[in-house]
Structure formats: structure tokens, C-alpha cells
$ cat structure-v7.cif   # mmCIF, C-alpha atoms
data_protein
loop_
_atom_site.group_PDB
_atom_site.id
_atom_site.type_symbol
_atom_site.label_atom_id
_atom_site.label_comp_id
_atom_site.auth_asym_id
_atom_site.auth_seq_id
_atom_site.Cartn_x
_atom_site.Cartn_y
_atom_site.Cartn_z
ATOM 1 C CA MET A 20 25.705 -25.803 4.224
ATOM 2 C CA LYS A 21 28.747 -23.750 5.222
ATOM 3 C CA ILE A 22 30.921 -26.873 5.168
ATOM 4 C CA TRP A 23 29.936 -27.691 1.626
ATOM 5 C CA LEU A 24 30.577 -24.116 0.514
ATOM 6 C CA THR A 25 33.995 -24.119 2.151
ATOM 7 C CA LEU A 26 34.795 -27.479 0.530
ATOM 8 C CA LEU A 27 33.691 -26.183 -2.840
ATOM 9 C CA LEU A 28 35.836 -23.114 -2.439
ATOM 10 C CA CYS A 29 38.791 -25.242 -1.346
ATOM 11 C CA MET A 30 38.398 -27.483 -4.353
ATOM 12 C CA HIS A 31 38.390 -24.465 -6.618
ATOM 13 C CA THR A 32 41.560 -23.090 -5.096
ATOM 14 C CA ALA A 33 43.281 -26.480 -5.254
ATOM 15 C CA PHE A 34 43.680 -25.918 -8.979
ATOM 16 C CA ALA A 35 44.762 -22.308 -8.522
ATOM 17 C CA ALA A 36 48.242 -21.116 -7.636
ATOM 18 C CA PRO A 37 49.387 -22.342 -4.198
ATOM 19 C CA SER A 38 47.960 -20.030 -1.535
ATOM 20 C CA ASP A 39 47.939 -19.656 2.235
ATOM 21 C CA GLN A 40 45.280 -21.857 3.840
ATOM 22 C CA ALA A 41 44.511 -19.178 6.426
ATOM 23 C CA VAL A 42 43.882 -16.645 3.666
ATOM 24 C CA GLU A 43 41.482 -19.034 1.950
ATOM 25 C CA ASP A 44 39.656 -19.727 5.204
ATOM 26 C CA ARG A 45 39.178 -16.010 5.809
ATOM 27 C CA LEU A 46 38.082 -15.527 2.223
ATOM 28 C CA ALA A 47 35.509 -18.308 2.617
ATOM 29 C CA GLY A 48 34.278 -16.781 5.867
ATOM 30 C CA LEU A 49 33.893 -13.323 4.372
ATOM 31 C CA ALA A 50 32.531 -14.470 1.035
ATOM 32 C CA THR A 51 29.561 -16.245 2.601
ATOM 33 C CA GLU A 52 28.581 -12.964 4.269
ATOM 34 C CA LEU A 53 28.758 -11.024 1.009
ATOM 35 C CA ARG A 54 26.253 -10.910 -1.798
ATOM 36 C CA CYS A 55 26.985 -11.622 -5.421
ATOM 37 C CA LEU A 56 25.733 -8.499 -7.178
ATOM 38 C CA VAL A 57 25.016 -10.257 -10.445
ATOM 39 C CA CYS A 58 23.119 -13.267 -9.094
ATOM 40 C CA GLN A 59 21.712 -11.293 -6.208
ATOM 41 C CA ASN A 60 20.312 -14.231 -4.282
ATOM 42 C CA GLU A 61 23.685 -16.003 -4.215
ATOM 43 C CA SER A 62 26.588 -15.331 -1.933
ATOM 44 C CA LEU A 63 29.973 -14.233 -3.192
ATOM 45 C CA ALA A 64 31.301 -17.627 -2.093
ATOM 46 C CA SER A 65 29.058 -19.760 -4.285
ATOM 47 C CA SER A 66 28.448 -17.586 -7.339
ATOM 48 C CA ARG A 67 30.184 -18.509 -10.590
ATOM 49 C CA ALA A 68 29.572 -15.072 -12.141
ATOM 50 C CA PRO A 69 32.697 -13.386 -13.561
ATOM 51 C CA LEU A 70 32.236 -10.381 -11.274
ATOM 52 C CA ALA A 71 32.079 -12.729 -8.275
ATOM 53 C CA GLU A 72 35.392 -14.289 -9.343
ATOM 54 C CA ASP A 73 36.887 -10.802 -9.695
ATOM 55 C CA LEU A 74 35.612 -9.740 -6.276
ATOM 56 C CA ARG A 75 36.909 -12.912 -4.633
ATOM 57 C CA ARG A 76 40.276 -12.178 -6.214
ATOM 58 C CA GLU A 77 40.173 -8.630 -4.818
ATOM 59 C CA VAL A 78 39.145 -9.842 -1.357
ATOM 60 C CA ARG A 79 41.939 -12.404 -1.402
ATOM 61 C CA ALA A 80 44.456 -9.700 -2.344
ATOM 62 C CA GLN A 81 43.175 -7.454 0.431
ATOM 63 C CA ILE A 82 43.445 -10.255 2.996
ATOM 64 C CA ARG A 83 46.986 -11.008 1.832
ATOM 65 C CA ALA A 84 47.790 -7.296 2.199
ATOM 66 C CA GLY A 85 46.881 -7.623 5.845
ATOM 67 C CA LYS A 86 43.514 -5.885 5.882
ATOM 68 C CA SER A 87 41.054 -6.717 8.631
ATOM 69 C CA ASP A 88 37.601 -8.158 7.892
ATOM 70 C CA GLN A 89 36.045 -4.749 8.583
ATOM 71 C CA GLU A 90 38.430 -3.059 6.150
ATOM 72 C CA VAL A 91 37.621 -5.564 3.419
ATOM 73 C CA ILE A 92 33.890 -5.070 3.936
ATOM 74 C CA HIS A 93 34.349 -1.280 3.823
ATOM 75 C CA TYR A 94 36.334 -1.655 0.611
ATOM 76 C CA LEU A 95 33.293 -3.295 -0.958
ATOM 77 C CA THR A 96 30.577 -1.139 0.605
ATOM 78 C CA ASP A 97 32.456 2.015 -0.479
ATOM 79 C CA ARG A 98 32.086 0.857 -4.068
ATOM 80 C CA TYR A 99 28.823 -1.066 -4.082
ATOM 81 C CA GLY A 100 26.913 0.199 -1.041
ATOM 82 C CA ASP A 101 25.481 -1.669 1.922
ATOM 83 C CA PHE A 102 23.546 -4.056 -0.307
ATOM 84 C CA VAL A 103 26.704 -6.077 -0.897
ATOM 85 C CA THR A 104 26.592 -7.320 2.721
ATOM 86 C CA TYR A 105 23.935 -9.750 3.859
ATOM 87 C CA ARG A 106 23.647 -8.079 7.235
ATOM 88 C CA PRO A 107 22.494 -4.504 6.779
ATOM 89 C CA PRO A 108 24.108 -2.162 9.281
ATOM 90 C CA PHE A 109 21.899 -0.652 11.942
ATOM 91 C CA LYS A 110 21.760 3.015 11.031
ATOM 92 C CA GLY A 111 19.248 5.741 10.190
ATOM 93 C CA LYS A 112 18.459 4.457 6.711
ATOM 94 C CA THR A 113 17.863 0.896 7.808
ATOM 95 C CA LEU A 114 15.947 1.724 10.995
ATOM 96 C CA LEU A 115 12.602 0.886 9.396
ATOM 97 C CA LEU A 116 14.028 -2.362 8.032
ATOM 98 C CA TRP A 117 15.188 -3.514 11.454
ATOM 99 C CA LEU A 118 12.285 -2.223 13.541
ATOM 100 C CA GLY A 119 9.515 -2.645 10.973
ATOM 101 C CA PRO A 120 8.561 -6.241 11.845
ATOM 102 C CA LEU A 121 8.483 -5.431 15.576
ATOM 103 C CA LEU A 122 6.409 -2.331 14.877
ATOM 104 C CA LEU A 123 3.925 -4.267 12.752
ATOM 105 C CA LEU A 124 3.684 -6.992 15.375
ATOM 106 C CA THR A 125 2.896 -4.419 18.064
ATOM 107 C CA LEU A 126 0.307 -2.688 15.869
ATOM 108 C CA GLY A 127 -1.284 -6.009 15.004
ATOM 109 C CA PHE A 128 -1.434 -6.993 18.659
ATOM 110 C CA PHE A 129 -3.260 -3.782 19.545
ATOM 111 C CA ALA A 130 -5.615 -4.081 16.602
ATOM 112 C CA LEU A 131 -6.687 -7.593 17.487
ATOM 113 C CA ARG A 132 -6.817 -7.200 21.257
ATOM 114 C CA ARG A 133 -10.363 -7.512 22.667
ATOM 115 C CA ARG A 134 -11.447 -4.362 24.491
ATOM 116 C CA PRO A 135 -12.988 -5.007 27.951
ATOM 117 C CA GLY A 136 -16.819 -5.009 27.795
ATOM 118 C CA THR A 137 -17.032 -6.593 24.390
ATOM 119 C CA THR A 138 -16.655 -10.146 25.676
ATOM 120 C CA PRO A 139 -19.824 -12.181 24.995
ATOM 121 C CA ALA A 140 -22.292 -11.954 27.865
ATOM 122 C CA GLN A 141 -22.457 -14.946 30.178
ATOM 123 C CA PRO A 142 -25.834 -16.581 30.137
ATOM 124 C CA GLN A 143 -27.879 -15.466 33.175
ATOM 125 C CA GLY A 144 -29.540 -18.107 35.222
ATOM 126 C CA SER A 145 -29.212 -21.887 35.107
ATOM 127 C CA LEU A 146 -30.302 -24.633 32.787
ATOM 128 C CA ALA A 147 -33.271 -25.410 35.129
ATOM 129 C CA ASP A 148 -34.649 -21.886 34.692
ATOM 130 C CA LEU A 149 -34.411 -22.194 30.963
ATOM 131 C CA GLN A 150 -36.162 -25.543 31.029
ATOM 132 C CA ARG A 151 -39.001 -24.039 33.145
ATOM 133 C CA GLU A 152 -39.448 -21.177 30.701
ATOM 134 C CA PHE A 153 -39.508 -23.550 27.789
ATOM 135 C CA ASP A 154 -42.182 -25.687 29.480
ATOM 136 C CA LYS A 155 -44.197 -22.531 30.259
ATOM 137 C CA ASP A 156 -44.177 -21.489 26.568
ATOM 138 C CA ALA A 157 -44.993 -24.934 25.418
ATOM 139 C CA SER A 158 -48.111 -25.292 27.522
ATOM 140 C CA MET B 15 -15.874 5.675 11.039
ATOM 141 C CA LYS B 16 -15.077 2.304 12.579
ATOM 142 C CA ARG B 17 -16.831 0.409 9.776
ATOM 143 C CA TYR B 18 -14.514 2.004 7.193
ATOM 144 C CA TRP B 19 -11.268 0.832 8.694
ATOM 145 C CA PRO B 20 -11.005 -2.389 6.610
ATOM 146 C CA LEU B 21 -11.456 -0.217 3.507
ATOM 147 C CA LEU B 22 -8.795 2.176 4.747
ATOM 148 C CA ALA B 23 -6.445 -0.685 5.492
ATOM 149 C CA PHE B 24 -7.016 -2.037 1.994
ATOM 150 C CA ALA B 25 -6.420 1.385 0.434
ATOM 151 C CA LEU B 26 -3.181 1.737 2.375
ATOM 152 C CA LEU B 27 -2.054 -1.710 1.275
ATOM 153 C CA ALA B 28 -2.969 -0.917 -2.337
ATOM 154 C CA VAL B 29 -0.867 2.262 -2.242
ATOM 155 C CA LEU B 30 2.049 0.394 -0.690
ATOM 156 C CA LEU B 31 1.913 -2.323 -3.345
ATOM 157 C CA ALA B 32 1.527 0.188 -6.179
ATOM 158 C CA VAL B 33 4.669 1.979 -5.008
ATOM 159 C CA GLY B 34 6.422 -1.370 -4.731
ATOM 160 C CA LEU B 35 5.607 -2.280 -8.333
ATOM 161 C CA LYS B 36 7.372 0.860 -9.505
ATOM 162 C CA LEU B 37 10.586 0.087 -7.635
ATOM 163 C CA LYS B 38 13.543 -1.618 -9.279
ATOM 164 C CA PRO B 39 15.037 -3.914 -6.645
ATOM 165 C CA ARG B 40 17.805 -5.221 -8.898
ATOM 166 C CA GLU B 41 19.242 -1.742 -9.334
ATOM 167 C CA ILE B 42 21.875 -1.019 -6.747
ATOM 168 C CA PRO B 43 22.208 2.709 -6.030
ATOM 169 C CA SER B 44 25.799 3.829 -6.250
ATOM 170 C CA PRO B 45 27.438 5.080 -3.066
ATOM 171 C CA LEU B 46 29.847 7.039 -5.264
ATOM 172 C CA ILE B 47 27.410 9.758 -6.326
ATOM 173 C CA GLY B 48 28.831 13.088 -5.239
ATOM 174 C CA LYS B 49 32.264 11.584 -4.638
ATOM 175 C CA PRO B 50 35.295 12.115 -6.850
ATOM 176 C CA ILE B 51 35.637 9.578 -9.610
ATOM 177 C CA PRO B 52 38.114 6.880 -8.539
ATOM 178 C CA ALA B 53 41.412 7.656 -10.223
ATOM 179 C CA PHE B 54 42.344 5.468 -13.157
ATOM 180 C CA ASP B 55 45.198 5.315 -15.614
ATOM 181 C CA LEU B 56 44.372 3.046 -18.516
ATOM 182 C CA GLU B 57 45.734 2.164 -21.895
ATOM 183 C CA ARG B 58 43.809 3.531 -24.834
ATOM 184 C CA LEU B 59 42.228 1.142 -27.277
ATOM 185 C CA ASP B 60 41.476 3.483 -30.162
ATOM 186 C CA ALA B 61 44.921 5.083 -30.358
ATOM 187 C CA PRO B 62 48.327 4.640 -28.756
ATOM 188 C CA GLY B 63 48.822 6.205 -25.363
ATOM 189 C CA ARG B 64 46.983 6.271 -22.079
ATOM 190 C CA MET B 65 44.238 8.223 -20.381
ATOM 191 C CA GLN B 66 43.974 9.278 -16.772
ATOM 192 C CA SER B 67 40.688 10.185 -15.134
ATOM 193 C CA ALA B 68 42.153 13.595 -14.257
ATOM 194 C CA ASN B 69 42.713 14.420 -17.941
ATOM 195 C CA LEU B 70 39.130 15.620 -18.335
ATOM 196 C CA LYS B 71 38.998 17.779 -15.233
ATOM 197 C CA GLY B 72 37.514 21.180 -15.981
ATOM 198 C CA ARG B 73 34.580 19.949 -18.013
ATOM 199 C CA VAL B 74 31.640 17.632 -17.612
ATOM 200 C CA TRP B 75 31.986 14.295 -19.380
ATOM 201 C CA LEU B 76 30.333 10.937 -19.860
ATOM 202 C CA LEU B 77 31.823 7.518 -19.187
ATOM 203 C CA ASN B 78 30.117 4.580 -20.861
ATOM 204 C CA VAL B 79 31.011 1.056 -19.746
ATOM 205 C CA TRP B 80 30.613 -1.403 -22.631
ATOM 206 C CA ALA B 81 31.920 -4.648 -24.068
ATOM 207 C CA SER B 82 31.743 -6.533 -27.347
ATOM 208 C CA TRP B 83 30.180 -9.516 -25.530
ATOM 209 C CA CYS B 84 27.384 -7.375 -24.112
ATOM 210 C CA ASN B 85 24.059 -7.709 -25.937
ATOM 211 C CA ALA B 86 22.358 -4.842 -24.140
ATOM 212 C CA CYS B 87 25.127 -2.532 -25.377
ATOM 213 C CA ILE B 88 23.873 -3.089 -28.925
ATOM 214 C CA ALA B 89 20.524 -1.667 -27.841
ATOM 215 C CA GLU B 90 22.009 1.666 -26.809
ATOM 216 C CA HIS B 91 24.673 1.902 -29.492
ATOM 217 C CA GLY B 92 22.554 3.813 -31.996
ATOM 218 C CA LEU B 93 21.706 6.333 -29.302
ATOM 219 C CA LEU B 94 25.368 6.769 -28.429
ATOM 220 C CA LEU B 95 26.236 7.471 -32.052
ATOM 221 C CA GLU B 96 23.490 10.078 -32.120
ATOM 222 C CA LEU B 97 24.613 11.524 -28.795
ATOM 223 C CA ALA B 98 28.120 11.925 -30.145
ATOM 224 C CA LYS B 99 26.760 13.992 -33.016
ATOM 225 C CA THR B 100 24.327 16.178 -31.078
ATOM 226 C CA HIS B 101 26.340 16.778 -27.911
ATOM 227 C CA GLN B 102 29.662 18.496 -27.346
ATOM 228 C CA THR B 103 30.276 16.471 -24.191
ATOM 229 C CA PRO B 104 33.239 14.075 -24.361
ATOM 230 C CA LEU B 105 32.058 10.482 -24.353
ATOM 231 C CA VAL B 106 34.677 8.100 -23.008
ATOM 232 C CA GLY B 107 34.200 4.408 -23.619
ATOM 233 C CA LEU B 108 35.438 2.020 -20.945
ATOM 234 C CA ASN B 109 35.902 -1.348 -22.595
ATOM 235 C CA TYR B 110 35.178 -3.740 -19.736
ATOM 236 C CA LYS B 111 36.693 -7.250 -19.432
ATOM 237 C CA ASP B 112 37.001 -7.626 -23.154
ATOM 238 C CA ASP B 113 39.734 -8.592 -25.583
ATOM 239 C CA ASP B 114 41.182 -5.936 -27.860
ATOM 240 C CA PRO B 115 40.542 -7.603 -31.247
ATOM 241 C CA SER B 116 36.857 -8.272 -30.445
ATOM 242 C CA ALA B 117 36.370 -4.776 -29.099
ATOM 243 C CA LEU B 118 37.996 -3.091 -32.074
ATOM 244 C CA ALA B 119 36.080 -5.268 -34.534
ATOM 245 C CA TRP B 120 32.819 -4.410 -32.745
ATOM 246 C CA LEU B 121 33.533 -0.685 -33.067
ATOM 247 C CA LYS B 122 34.611 -1.025 -36.682
ATOM 248 C CA GLN B 123 31.459 -2.953 -37.559
ATOM 249 C CA ARG B 124 28.976 -0.743 -35.722
ATOM 250 C CA GLY B 125 30.704 2.611 -35.637
ATOM 251 C CA ASN B 126 32.662 4.338 -32.883
ATOM 252 C CA PRO B 127 30.724 6.980 -30.916
ATOM 253 C CA TYR B 128 33.487 7.518 -28.382
ATOM 254 C CA THR B 129 35.768 10.504 -28.063
ATOM 255 C CA LEU B 130 38.250 8.003 -26.733
ATOM 256 C CA VAL B 131 38.210 4.376 -25.643
ATOM 257 C CA VAL B 132 40.182 2.899 -22.761
ATOM 258 C CA ALA B 133 40.648 -0.769 -21.942
ATOM 259 C CA ASP B 134 39.837 -2.164 -18.495
ATOM 260 C CA ARG B 135 40.885 -5.683 -19.329
ATOM 261 C CA ASP B 136 40.820 -7.229 -15.855
ATOM 262 C CA GLY B 137 37.849 -5.227 -14.572
ATOM 263 C CA ARG B 138 39.724 -3.595 -11.687
ATOM 264 C CA THR B 139 38.688 -0.068 -12.695
ATOM 265 C CA GLY B 140 35.149 -1.374 -13.024
ATOM 266 C CA ILE B 141 35.244 -2.571 -9.430
ATOM 267 C CA ASP B 142 36.523 0.840 -8.283
ATOM 268 C CA LEU B 143 33.588 2.432 -10.098
ATOM 269 C CA GLY B 144 31.111 -0.027 -8.610
ATOM 270 C CA VAL B 145 30.284 -1.552 -11.967
ATOM 271 C CA TYR B 146 28.276 -4.739 -11.613
ATOM 272 C CA GLY B 147 26.772 -5.074 -15.057
ATOM 273 C CA VAL B 148 27.137 -3.763 -18.553
ATOM 274 C CA PRO B 149 26.248 -1.230 -19.883
ATOM 275 C CA GLU B 150 26.454 1.508 -17.289
ATOM 276 C CA THR B 151 26.878 5.211 -17.929
ATOM 277 C CA PHE B 152 28.383 7.806 -15.585
ATOM 278 C CA VAL B 153 28.077 11.577 -15.728
ATOM 279 C CA ILE B 154 31.174 13.222 -14.257
ATOM 280 C CA GLY B 155 31.299 16.887 -13.336
ATOM 281 C CA ALA B 156 34.002 19.407 -14.144
ATOM 282 C CA ASP B 157 35.371 19.031 -10.631
ATOM 283 C CA GLY B 158 35.798 15.308 -11.154
ATOM 284 C CA ARG B 159 32.833 14.283 -8.992
ATOM 285 C CA ILE B 160 30.388 11.619 -10.156
ATOM 286 C CA LEU B 161 27.075 13.389 -10.705
ATOM 287 C CA HIS B 162 24.984 10.446 -11.849
ATOM 288 C CA LYS B 163 25.115 6.766 -12.732
ATOM 289 C CA HIS B 164 22.679 5.079 -15.043
ATOM 290 C CA ILE B 165 22.387 1.309 -14.937
ATOM 291 C CA GLY B 166 21.418 -0.477 -18.114
ATOM 292 C CA PRO B 167 21.140 0.717 -21.702
ATOM 293 C CA LEU B 168 20.455 4.383 -22.342
ATOM 294 C CA THR B 169 17.100 5.335 -23.780
ATOM 295 C CA PRO B 170 15.870 8.638 -25.197
ATOM 296 C CA GLU B 171 13.861 9.145 -21.977
ATOM 297 C CA VAL B 172 16.923 8.603 -19.822
ATOM 298 C CA ILE B 173 18.956 11.043 -21.890
ATOM 299 C CA ALA B 174 16.186 13.630 -21.766
ATOM 300 C CA THR B 175 15.346 13.290 -18.073
ATOM 301 C CA GLU B 176 18.594 12.179 -16.411
ATOM 302 C CA ILE B 177 21.534 13.219 -18.550
ATOM 303 C CA ASP B 178 20.665 16.399 -20.444
ATOM 304 C CA PRO B 179 19.522 18.320 -17.340
ATOM 305 C CA LEU B 180 22.863 17.570 -15.685
ATOM 306 C CA LEU B 181 24.831 18.579 -18.771
ATOM 307 C CA GLU B 182 22.943 21.858 -18.941
ATOM 308 C CA LYS B 183 23.483 22.592 -15.273
ATOM 309 C CA HIS B 184 27.186 21.788 -15.377
ATOM 310 C CA PRO B 185 28.506 22.720 -18.828
#

$ encode --input "structure-v7.cif" --output "C-alpha cells"
Amino acid sequence: MKIWLTLLLCMHTAFAAPSDQAVEDRLAGLATELRCLVCQNESLASSRAPLAEDLRREVRAQIRAGKSDQEVIHYLTDRYGDFVTYRPPFKGKTLLLWLGPLLLLTLGFFALRRRPGTTPAQPQGSLADLQREFDKDAS
Amino acid sequence: MKRYWPLLAFALLAVLLAVGLKLKPREIPSPLIGKPIPAFDLERLDAPGRMQSANLKGRVWLLNVWASWCNACIAEHGLLLELAKTHQTPLVGLNYKDDDPSALAWLKQRGNPYTLVVADRDGRTGIDLGVYGVPETFVIGADGRILHKHIGPLTPEVIATEIDPLLEKHP
């Protein structure tokens, strides 16, 4: 999937002004980790929305200006919040998001666990005894 | 008590789902609330000259992001015209990713509610403000801090419950 996205992005930039291949590679790498805020289930790399084009342009400019990946991500989260990244940071607000599934799994495990003493009783005696009793009743 | 736990579990789930139905997942809360409005220096559309964000320091004001290509902006336009008449608060229009002739024609045809209009032709100021759709309305305090951001067209309820209380608190 990533290969196709990178190819698509490369094709798009082939018609744009000549640009540094390394910059485009970094842009592609970052853009797949960022969310398009208009089409919120698409990444910044694949979205054709005008805002996505604007944001890609901004990210490209930031990369060219020598910013690190972290700085570029902060640039966007400062303006749009954590939702713009696909990986939510692990902090107080997102604690429930990260630990929730584990918590629910643990709760579910405890809820479904059989308590000792509630296992079905083993039948006492053998099949022969049962047969004898049956014959006794029958006669 | 033990026999009621499926009912309790259902009640809990029902409450959780009811809360969920009221949420608006497409709305992205702005991280800029409480922070100073990002500085801008834009050309005016309605008159010659420019406007800087610092020009309105000292009083609370409203910034409305709009465009002539935006259908939802038509929905709130009547309200904005009314707001301009009933409120003393400056209403600045930020014309977002538009072209000047279309924008001016739109205002001429429908009426201009704005105290002044600035042009953000390439959307860079919009990005600084965290704009991701149109229309959006910001309430900015006298100290230049963003007090509130409303996403989507304004409605009488929004003005009554979100905007007016802020304007009264920070005249």
C-alpha cells in the first residue's frame, strides 16, 4: 500500500516544479502518518482535498527549511491538535484510549472466569451401579 | 443482586451509547483556545489598505471565515447581517481561498455584514488558525487571545449560548 501511495505522490510531483527527491521522500513518509482533516478517514498523502494540498505544501516548505519530523508534526498539532496524527501520543488525555482495550479484556476475563465450586458435579458411582438401580426400579 | 447484573450492564451500555450519539466526532477541538491569535497581516478586500491582527487589541471581536464558493456560508449570512446590526462587536470577515471578483460580487449581491474584510488567498492564515472547513467563527478577547471557535454555520442557538455570553463577559 505504502509503495503505491509513494508512487502516486511521486507522479504528482513529477508535474510540479523540480524538487529534491529526499524532500519528497520525507514528505511521503510524514504524510502517510498524518490525517486529512477534511476527508478524515484518508491520510494527508492520498487525499485530494484542497486543504490537504495546502498542508502538503506547508510540510514540504518546512522540510526544505530544515525542520525535523518532530518539528513538522508539532507545527501541525499546534494548529489542529493531536487528531491530525494517526498515532495519538501517550499522555493523560489519551490514557483511557490506550489502556481501555486492555482494561476491558481484563474485566471480561474476570467476569467470565468460573469460580471454584461451581463446576458441574462429577457423577458418583459407575455405570454398573446405575444399571442395577434402573433394573431395581423396573422390576 | 446477582440476577440484576445483566440489566445493570445493559443500562450502563445504554448510557454510554446515548452519550456517544450526542458527540460530534467530525468536529476537531481547537488547540488554540486560550492562546493568542496567530499574527496576520493581510490585504483588505473591501477597501484599500491592510489589517493586522493586533489592530483590534483592546476590544473583543469576531472573526468569520467565509468564501463565495461555500454553500454553508449562505445559511449563516442572514444571521451575520442581523448580528452586525444588533451588536457593537467588530465582525471581521476572512475571505478564505477565494478570488477577489467572486468574493466582492457575493458581498454585493447578498449584503456585507463585515466591519472589514481581509483576503487570505492562499489559505496560509487559515492554516495558522487551524481552519479546516468553512465557515468557522472565532471570538477573540481584548488581550488578543482566542476565547472560542465555532465550527460550521452560526445559528441563533449558537449565538445565544456560545457567543453572547462571551461578549458580555469580555466587553

$ resolve_selection --input "structure-v7.cif" --expression "the PyMOL selection byres ((chain B and resi 108) around 7)" --output "PDB file with C-alpha atoms, keeping the file's coordinate frame"
ATOM      1  CA  LEU B  77      31.823   7.518 -19.187  1.00  0.00           C
ATOM      2  CA  ASN B  78      30.117   4.580 -20.861  1.00  0.00           C
ATOM      3  CA  VAL B  79      31.011   1.056 -19.746  1.00  0.00           C
ATOM      4  CA  TRP B  80      30.613  -1.403 -22.631  1.00  0.00           C
ATOM      5  CA  VAL B 106      34.677   8.100 -23.008  1.00  0.00           C
ATOM      6  CA  GLY B 107      34.200   4.408 -23.619  1.00  0.00           C
ATOM      7  CA  ASN B 109      35.902  -1.348 -22.595  1.00  0.00           C
ATOM      8  CA  TYR B 110      35.178  -3.740 -19.736  1.00  0.00           C
ATOM      9  CA  VAL B 131      38.210   4.376 -25.643  1.00  0.00           C
ATOM     10  CA  VAL B 132      40.182   2.899 -22.761  1.00  0.00           C
ATOM     11  CA  ALA B 133      40.648  -0.769 -21.942  1.00  0.00           C
ATOM     12  CA  ASP B 134      39.837  -2.164 -18.495  1.00  0.00           C
TER      13      ASP B 134
END

$ residues_around --input "structure-v7.cif" --residues "Asp97 of chain A" --least-positions-apart "6" --cutoff "10 Å" --atoms "all atoms listed in the file" --output "list of chain:residue names"
A:Val91, A:Val103, B:Ser44, B:Pro45, B:Leu46, B:Asp142, B:Leu143, B:Gly144

$ closest_residue --input "structure-v7.cif" --among "B:Gly137, B:Pro20, B:Gly155, B:Pro50" --to "chain A" --atoms "all atoms listed in the file"
B:Gly137

$ atom_distance --input "structure-v7.cif" --atom1 "atom CA of Ala84 of chain A" --atom2 "atom CA of Val42 of chain A"
10.2 Å

$ interface_residues --input "structure-v7.cif" --of "chain A" --to "chain B" --cutoff "12 Å" --atoms "all atoms listed in the file" --output "PDB file with C-alpha atoms, in the coordinates of the input"
ATOM      1  CA  ARG A  54      26.253 -10.910  -1.798  1.00  0.00           C
ATOM      2  CA  CYS A  55      26.985 -11.622  -5.421  1.00  0.00           C
ATOM      3  CA  LEU A  56      25.733  -8.499  -7.178  1.00  0.00           C
ATOM      4  CA  VAL A  57      25.016 -10.257 -10.445  1.00  0.00           C
ATOM      5  CA  CYS A  58      23.119 -13.267  -9.094  1.00  0.00           C
ATOM      6  CA  GLN A  59      21.712 -11.293  -6.208  1.00  0.00           C
ATOM      7  CA  ASN A  60      20.312 -14.231  -4.282  1.00  0.00           C
ATOM      8  CA  ALA A  68      29.572 -15.072 -12.141  1.00  0.00           C
ATOM      9  CA  PRO A  69      32.697 -13.386 -13.561  1.00  0.00           C
ATOM     10  CA  LEU A  70      32.236 -10.381 -11.274  1.00  0.00           C
ATOM     11  CA  ALA A  71      32.079 -12.729  -8.275  1.00  0.00           C
ATOM     12  CA  GLU A  72      35.392 -14.289  -9.343  1.00  0.00           C
ATOM     13  CA  ASP A  73      36.887 -10.802  -9.695  1.00  0.00           C
ATOM     14  CA  LEU A  74      35.612  -9.740  -6.276  1.00  0.00           C
ATOM     15  CA  ARG A  75      36.909 -12.912  -4.633  1.00  0.00           C
ATOM     16  CA  ARG A  76      40.276 -12.178  -6.214  1.00  0.00           C
ATOM     17  CA  GLU A  77      40.173  -8.630  -4.818  1.00  0.00           C
ATOM     18  CA  VAL A  78      39.145  -9.842  -1.357  1.00  0.00           C
ATOM     19  CA  HIS A  93      34.349  -1.280   3.823  1.00  0.00           C
ATOM     20  CA  TYR A  94      36.334  -1.655   0.611  1.00  0.00           C
ATOM     21  CA  LEU A  95      33.293  -3.295  -0.958  1.00  0.00           C
ATOM     22  CA  THR A  96      30.577  -1.139   0.605  1.00  0.00           C
ATOM     23  CA  ASP A  97      32.456   2.015  -0.479  1.00  0.00           C
ATOM     24  CA  ARG A  98      32.086   0.857  -4.068  1.00  0.00           C
ATOM     25  CA  TYR A  99      28.823  -1.066  -4.082  1.00  0.00           C
ATOM     26  CA  GLY A 100      26.913   0.199  -1.041  1.00  0.00           C
ATOM     27  CA  ASP A 101      25.481  -1.669   1.922  1.00  0.00           C
ATOM     28  CA  PHE A 102      23.546  -4.056  -0.307  1.00  0.00           C
ATOM     29  CA  VAL A 103      26.704  -6.077  -0.897  1.00  0.00           C
ATOM     30  CA  ALA A 130      -5.615  -4.081  16.602  1.00  0.00           C
TER      31      ALA A 130
END

$ atom_distance --input "structure-v7.cif" --atom1 "atom CA of Ala28 of chain B" --atom2 "atom CA of Gly111 of chain A"
26.4 Å

$ atom_distance --input "structure-v7.cif" --atom1 "atom CA of Thr25 of chain A" --atom2 "atom CA of Trp117 of chain A"
29.4 Å

$ closest_residue --input "structure-v7.cif" --among "B:Ala61, B:Ala174, B:Ala86, B:Ile47" --to "Val153 of chain B" --atoms "all atoms listed in the file"
B:Ile47

$ axis_aligned_box --input "structure-v7.cif" --around "segment 120-125 of chain A" --padding-each-side "6 Å" --output "AutoDock Vina command-line options"
--center_x 5.7 --center_y -4.7 --center_z 15.0 --size_x 17.7 --size_y 16.7 --size_z 18.2

$ closest_residue --input "structure-v7.cif" --among "A:Leu121, A:Leu53, A:Leu131, A:Ala41" --to "Gly85 of chain A" --atoms "only C-alpha atoms"
A:Ala41

$ resolve_selection --input "structure-v7.cif" --expression "the PyMOL selection byres ((chain B and resi 87) around 12)" --output "number ranges by chain"
B: 78-86, 88-94, 107, 109-110, 120-121, 124, 147-151, 165-169

$ residues_around --input "structure-v7.cif" --residues "Ile173 of chain B" --least-positions-apart "2" --cutoff "12 Å" --atoms "all atoms listed in the file" --output "NGL selection string"
:B and (76 or 90 or 93-94 or 96-97 or 100-101 or 151-153 or 162-164 or 167-171 or 175-182)

$ residues_around --input "structure-v7.cif" --residues "segment 63-71 of chain B" --least-positions-apart "3" --cutoff "10 Å" --atoms "all atoms listed in the file" --output "count of residues only"
24
